[in-house]
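Coordinates as given in model26.cif (mmCIF, C-alpha atoms and all ligand atoms):
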data_run
#
loop_
_atom_site.label_atom_id
_atom_site.label_comp_id
_atom_site.auth_asym_id
_atom_site.auth_seq_id
_atom_site.Cartn_x
_atom_site.Cartn_y
_atom_site.Cartn_z
CA MET A 76 116.28 88.27 103.66
CA GLN A 77 115.33 91.77 102.64
CA THR A 78 114.48 94.09 105.51
CA SER A 79 112.83 97.47 105.52
CA ASP A 80 113.04 100.03 108.30
CA SER A 81 110.56 102.52 106.86
CA LYS A 82 107.16 101.85 105.44
CA GLY A 83 106.49 101.89 101.71
CA TYR A 84 103.36 100.90 99.85
CA SER A 85 102.12 98.66 97.08
CA ALA A 86 99.28 98.51 94.62
CA ILE A 87 98.27 95.71 92.28
CA GLY A 88 96.15 95.50 89.17
CA VAL A 89 95.34 93.66 85.98
CA PHE A 90 95.78 94.73 82.37
CA ARG A 91 92.57 94.02 80.39
CA GLY A 92 91.27 91.64 83.08
CA LYS A 93 88.27 89.55 82.05
CA THR A 94 86.86 87.83 85.07
CA ASN A 95 84.98 89.41 87.92
CA HIS A 96 85.82 86.49 90.17
CA ASN A 97 89.57 87.01 89.68
CA MET A 98 89.30 90.73 90.42
CA GLY A 99 87.37 89.87 93.59
CA THR A 100 90.03 87.40 94.71
CA LEU A 101 92.77 89.91 94.02
CA TRP A 102 90.93 92.72 95.80
CA ARG A 103 90.42 90.62 98.90
CA SER A 104 94.07 89.48 98.98
CA ALA A 105 95.25 93.03 98.38
CA TYR A 106 93.29 94.31 101.36
CA ILE A 107 94.41 91.49 103.68
CA LEU A 108 98.04 91.63 102.53
CA GLY A 109 98.37 95.38 102.96
CA ALA A 110 98.17 96.85 99.44
CA ALA A 111 97.12 100.50 99.33
CA TYR A 112 94.79 100.07 96.35
CA ILE A 113 94.01 97.90 93.35
CA PHE A 114 93.38 98.93 89.76
CA THR A 115 92.30 97.80 86.33
CA VAL A 116 93.66 98.92 82.98
CA ASP A 117 91.06 98.71 80.20
CA GLY A 118 89.11 96.22 82.35
CA ARG A 119 86.68 93.87 80.62
CA TYR A 120 85.01 92.33 83.68
CA LYS A 121 81.43 93.03 84.74
CA LYS A 122 81.11 94.80 88.09
CA GLN A 123 79.39 92.84 90.83
CA SER A 124 79.54 93.10 94.64
CA SER A 125 79.29 89.72 96.32
CA ASP A 126 82.27 90.23 98.61
CA VAL A 127 81.46 89.35 102.22
CA LEU A 128 84.39 91.40 103.52
CA ARG A 129 83.04 94.46 101.68
CA THR A 130 86.57 94.93 100.36
CA TRP A 131 85.42 97.80 98.16
CA SER A 132 84.80 99.81 101.35
CA ARG A 133 88.33 99.21 102.67
CA ILE A 134 90.78 99.83 99.81
CA PRO A 135 89.93 101.66 96.59
CA LEU A 136 89.75 100.39 93.04
CA PHE A 137 91.08 102.75 90.35
CA GLN A 138 90.07 102.15 86.76
CA TYR A 139 92.49 103.35 84.09
CA LYS A 140 91.16 103.46 80.56
CA THR A 141 94.52 102.80 78.92
CA PHE A 142 98.06 101.74 79.82
CA GLU A 143 99.21 105.30 79.07
CA ASP A 144 96.68 106.48 81.62
CA LEU A 145 98.26 104.18 84.21
CA LEU A 146 101.78 105.36 83.30
CA ASN A 147 100.73 109.00 83.58
CA ASN A 148 99.37 108.39 87.08
CA ILE A 149 102.21 106.42 88.65
CA PRO A 150 103.07 108.15 91.94
CA HIS A 151 106.43 109.86 92.43
CA ASP A 152 109.40 107.49 92.80
CA CYS A 153 107.27 104.38 92.50
CA ARG A 154 108.30 101.37 90.38
CA LEU A 155 106.15 99.44 87.92
CA VAL A 156 106.68 95.69 88.31
CA GLY A 157 105.30 93.49 85.52
CA ILE A 158 104.36 89.97 86.60
CA GLU A 159 104.74 87.58 83.68
CA ILE A 160 106.43 84.39 82.50
CA ASP A 161 109.25 85.79 80.41
CA ASP A 162 112.91 84.89 79.78
CA LYS A 163 113.94 88.34 80.99
CA ALA A 164 111.95 88.10 84.23
CA GLU A 165 113.60 87.47 87.61
CA PHE A 166 112.23 84.83 89.94
CA LEU A 167 109.97 86.15 92.67
CA HIS A 168 111.80 84.39 95.50
CA GLU A 169 115.01 86.24 94.51
CA PHE A 170 113.33 89.55 93.86
CA GLN A 171 114.02 92.56 96.07
CA HIS A 172 110.73 94.45 96.12
CA PRO A 173 110.94 98.21 95.61
CA LYS A 174 109.76 100.17 98.64
CA ARG A 175 107.01 101.75 96.53
CA ALA A 176 105.72 99.33 93.91
CA ILE A 177 102.85 98.90 91.50
CA TYR A 178 102.43 95.27 90.39
CA LEU A 179 100.84 94.70 87.00
CA LEU A 180 99.36 91.36 86.03
CA GLY A 181 98.20 90.25 82.57
CA ALA A 182 94.77 89.19 81.36
CA GLU A 183 93.51 85.64 81.75
CA ASP A 184 93.56 85.01 77.98
CA THR A 185 96.35 87.17 76.58
CA GLY A 186 98.83 87.97 79.40
CA LEU A 187 100.92 91.14 79.29
CA PRO A 188 101.70 92.42 75.74
CA GLU A 189 105.33 93.01 74.76
CA GLU A 190 104.91 96.79 74.63
CA VAL A 191 103.57 96.81 78.20
CA LYS A 192 106.35 94.55 79.49
CA ALA A 193 108.91 96.85 77.83
CA LYS A 194 107.70 99.80 79.93
CA CYS A 195 107.92 97.98 83.26
CA HIS A 196 110.90 98.79 85.50
CA TYR A 197 111.11 95.12 86.51
CA LEU A 198 109.67 91.82 85.31
CA VAL A 199 109.06 89.07 87.81
CA LYS A 200 107.93 85.45 87.37
CA LEU A 201 106.93 82.53 89.51
CA PRO A 202 108.46 79.10 88.89
CA GLY A 203 107.00 76.70 86.33
CA ASN A 204 106.25 76.86 82.63
CA SER A 205 102.47 76.90 82.96
CA SER A 206 100.40 79.89 83.97
CA LEU A 207 98.79 80.16 87.35
CA ASN A 208 95.45 81.85 87.83
CA VAL A 209 95.89 85.63 87.77
CA GLY A 210 94.28 86.20 91.19
CA VAL A 211 96.39 83.45 92.73
CA THR A 212 99.53 84.91 91.16
CA GLY A 213 98.79 88.38 92.55
CA SER A 214 98.13 86.93 96.00
CA ILE A 215 101.46 85.05 95.99
CA VAL A 216 103.33 88.18 94.88
CA LEU A 217 101.80 90.25 97.68
CA HIS A 218 102.53 87.55 100.22
CA ASP A 219 106.15 87.43 99.07
CA ARG A 220 106.33 91.21 99.51
CA VAL A 221 105.02 91.25 103.07
CA SER A 222 107.12 88.26 104.08
CA LYS A 223 110.19 90.27 103.00
CA MET A 224 108.82 93.67 104.10
CA PRO A 225 106.52 93.00 107.08
CA THR A 226 106.22 96.70 107.89
CA ASP A 227 103.97 96.97 104.82
CA LEU A 228 101.20 95.08 106.60
CA PRO A 229 98.45 97.17 108.18
CA PRO A 230 99.11 97.69 111.97
CA ASN A 231 96.42 95.23 113.08
CA HIS A 232 98.09 92.48 111.00
CA GLN A 233 101.58 92.97 112.45
CA GLU A 234 102.83 90.75 115.27
C1 LIG B 1 96.42 82.98 83.10
S1 LIG B 1 97.81 83.98 82.92
C2 LIG B 1 97.83 84.42 81.17
C3 LIG B 1 98.01 83.29 80.28
C4 LIG B 1 98.02 83.71 78.82
N1 LIG B 1 97.26 82.78 78.08
C5 LIG B 1 99.43 83.74 78.31
O1 LIG B 1 99.84 82.73 77.75
O2 LIG B 1 100.14 84.76 78.49
C6 LIG B 1 97.29 85.53 83.57
C7 LIG B 1 98.38 86.31 84.22
O3 LIG B 1 98.76 85.68 85.45
C8 LIG B 1 100.12 85.99 85.71
N2 LIG B 1 100.87 84.72 85.81
C9 LIG B 1 100.37 83.48 85.78
N3 LIG B 1 101.34 82.57 85.99
C10 LIG B 1 102.48 83.26 86.18
C11 LIG B 1 103.84 82.91 86.46
N4 LIG B 1 104.24 81.62 86.59
N5 LIG B 1 104.76 83.89 86.59
C12 LIG B 1 104.40 85.18 86.46
N6 LIG B 1 103.14 85.59 86.20
C13 LIG B 1 102.19 84.65 86.06
C14 LIG B 1 100.61 86.86 84.59
O4 LIG B 1 100.46 88.21 84.97
C15 LIG B 1 99.66 86.48 83.47
O5 LIG B 1 99.58 87.49 82.49
#

Have the structure of the file written as structure tokens, please.
Amino acid sequence: MQTSDSKGYSAIGVFRGKTNHNMGTLWRSAYILGAAYIFTVDGRYKKQSSDVLRTWSRIPLFQYKTFEDLLNNIPHDCRLVGIEIDDKAEFLHEFQHPKRAIYLLGAEDTGLPEEVKAKCHYLVKLPGNSSLNVGVTGSIVLHDRVSKMPTDLPPNHQE
């Protein structure tokens, strides 16, 4: 199992996400599972605040207009991890998460385009040939990260 003796951080977002409900699910999981922030790239969802945990008040949402905008704002020494079913992708359970990572999911209808996948430092997939829901996928990825790197959880979540 991967261990980590110093704290890193993660962020997670969706490229051209469509559904408000999926963003809400992802936002909530991101907060609970210790992500520093979430983001959209060219988001298509309609904003709405029905979240009982008031997640928007706990971790920020950044909204990038374009993928180039995201690339230009990646923090120093942080890796972009594309999450997609792809022959070149590694399986999540075997993946060693970078200490500082930004996870990028694809849209509900179109997934991650080839040119976006080509710019990711890593590509990671979950088992199976059929797509999972995007919010569920992001939640599983973040859970995998904290199970391998428990120091990434906020202090009140650590045992
Ligand atoms: C509903 S899927 C997109 C399906 C789209 N129609 C396609 O064929 O690419 C939305 C996103 O969830 C993520 N996803 C879903 N299942 C996945 C899996 N098994 N492995 C990796 N990512 C997955 C990917 O980021 C994907 O772009």

For this session: Give the residue list for ligand LIG 1 (chain B) at 7 Å, counting all atoms listed in the file, as a PyMOL selection string, sorted by chain and then by residue number.
Result: chain A and resi 158-160+179-187+199-209+212

Seminar exercise, completed: One residue among A:Leu145, A:Ile134, A:Met98, A:Ile107 is nearest to Leu217 in chain A when using only C-alpha atoms, and that residue is A:Ile107

Seminar exercise, completed: Between A:Phe90, A:Tyr197, A:Tyr112, A:Phe170, smallest distance to Thr141 in chain A by only C-alpha atoms belongs to A:Phe90

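We find CA of Asp219 in chain A and CA of Val89 in chain A to be spaced 18.1 Å apart.
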
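For the atom pair formed by CA of Lys82 in chain A and CA of Lys163 in chain A, the distance is 28.7 Å, given to one decimal.
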
Compile the contact shell of Leu155 in chain A as a short mmCIF file (atom, residue, chain, number, x, y, z; two decimals) with C-alpha atoms, in the coordinates of the input: residues with an atom at most 9 Å away, counting only C-alpha atoms, same-chain residues fewer than 3 positions apart removed.
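Writing done, so here's selection_9.cif:
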data_model
loop_
_atom_site.label_atom_id
_atom_site.label_comp_id
_atom_site.auth_asym_id
_atom_site.auth_seq_id
_atom_site.Cartn_x
_atom_site.Cartn_y
_atom_site.Cartn_z
CA LEU A 146 101.78 105.36 83.30
CA ILE A 149 102.21 106.42 88.65
CA ARG A 175 107.01 101.75 96.53
CA ALA A 176 105.72 99.33 93.91
CA ILE A 177 102.85 98.90 91.50
CA TYR A 178 102.43 95.27 90.39
CA LEU A 179 100.84 94.70 87.00
CA LYS A 194 107.70 99.80 79.93
CA CYS A 195 107.92 97.98 83.26
CA HIS A 196 110.90 98.79 85.50
CA TYR A 197 111.11 95.12 86.51
CA LEU A 198 109.67 91.82 85.31
#

Problem set entry | Nearest to Leu108 in chain A, chosen from A:Leu167, A:Gly92, A:Glu190, A:Ser85, with all atoms listed in the file counted in the distances | A:Ser85

Exercise. Which residues come within 10 Å of Lys121 in chain A, counting all atoms listed in the file, excluding same-chain residues fewer than 2 positions away, as an MDAnalysis selection string?
Worked result: chainID A and resid 93:96 98 118:119 123

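Computed from the coordinates, the CA of Ala111 in chain A to CA of Phe137 in chain A distance equals 11.1 Å.
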
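Environment of (108.8, 89.4, 101.6): residues at most 9 Å away, judged by all atoms listed in the file, are A:Met76, A:Gln77, A:Thr78, A:His168, A:Phe170, A:Gln171, A:His172, A:Val216, A:Leu217, A:His218, A:Asp219, A:Arg220, A:Val221, A:Ser222, A:Lys223, A:Met224, A:Pro225.
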
Exercise. Using all atoms listed in the file, which residue out of A:Ala105, A:Ile87, A:Ile215, A:Leu136 lies closest to Pro229 in chain A?
Worked result: A:Ala105

Residue completion, range 138-150 of chain A, N, CA, C and O atoms, as a tab-separated table (two decimals), in the coordinates of the input:
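Listing of part.tsv after writing:
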chain	number	residue	atom	x	y	z
A	138	GLN	N	90.29	102.75	88.08
A	138	GLN	CA	90.07	102.15	86.76
A	138	GLN	C	90.69	103.05	85.69
A	138	GLN	O	90.15	104.12	85.40
A	139	TYR	N	91.81	102.59	85.14
A	139	TYR	CA	92.49	103.35	84.09
A	139	TYR	C	91.97	102.87	82.73
A	139	TYR	O	91.87	101.66	82.50
A	140	LYS	N	91.71	103.83	81.88
A	140	LYS	CA	91.16	103.46	80.56
A	140	LYS	C	92.22	102.80	79.68
A	140	LYS	O	91.92	101.88	78.94
A	141	THR	N	93.45	103.32	79.79
A	141	THR	CA	94.52	102.80	78.92
A	141	THR	C	95.79	102.62	79.76
A	141	THR	O	95.91	103.14	80.86
A	142	PHE	N	96.76	101.91	79.15
A	142	PHE	CA	98.06	101.74	79.82
A	142	PHE	C	98.76	103.08	79.98
A	142	PHE	O	99.42	103.35	80.99
A	143	GLU	N	98.61	103.96	78.99
A	143	GLU	CA	99.21	105.30	79.07
A	143	GLU	C	98.64	106.06	80.26
A	143	GLU	O	99.36	106.78	80.96
A	144	ASP	N	97.36	105.87	80.48
A	144	ASP	CA	96.68	106.48	81.62
A	144	ASP	C	97.32	106.01	82.94
A	144	ASP	O	97.59	106.81	83.85
A	145	LEU	N	97.57	104.71	83.02
A	145	LEU	CA	98.26	104.18	84.21
A	145	LEU	C	99.64	104.81	84.35
A	145	LEU	O	100.01	105.30	85.42
A	146	LEU	N	100.42	104.81	83.25
A	146	LEU	CA	101.78	105.36	83.30
A	146	LEU	C	101.77	106.82	83.74
A	146	LEU	O	102.62	107.25	84.52
A	147	ASN	N	100.79	107.58	83.25
A	147	ASN	CA	100.73	109.00	83.58
A	147	ASN	C	100.34	109.25	85.03
A	147	ASN	O	100.45	110.37	85.52
A	148	ASN	N	99.84	108.22	85.70
A	148	ASN	CA	99.37	108.39	87.08
A	148	ASN	C	100.18	107.59	88.09
A	148	ASN	O	99.74	107.42	89.24
A	149	ILE	N	101.36	107.13	87.69
A	149	ILE	CA	102.21	106.42	88.65
A	149	ILE	C	102.75	107.45	89.65
A	149	ILE	O	103.28	108.49	89.26
A	150	PRO	N	102.60	107.18	90.94
A	150	PRO	CA	103.07	108.15	91.94
A	150	PRO	C	104.58	108.37	91.86
A	150	PRO	O	105.32	107.55	91.32
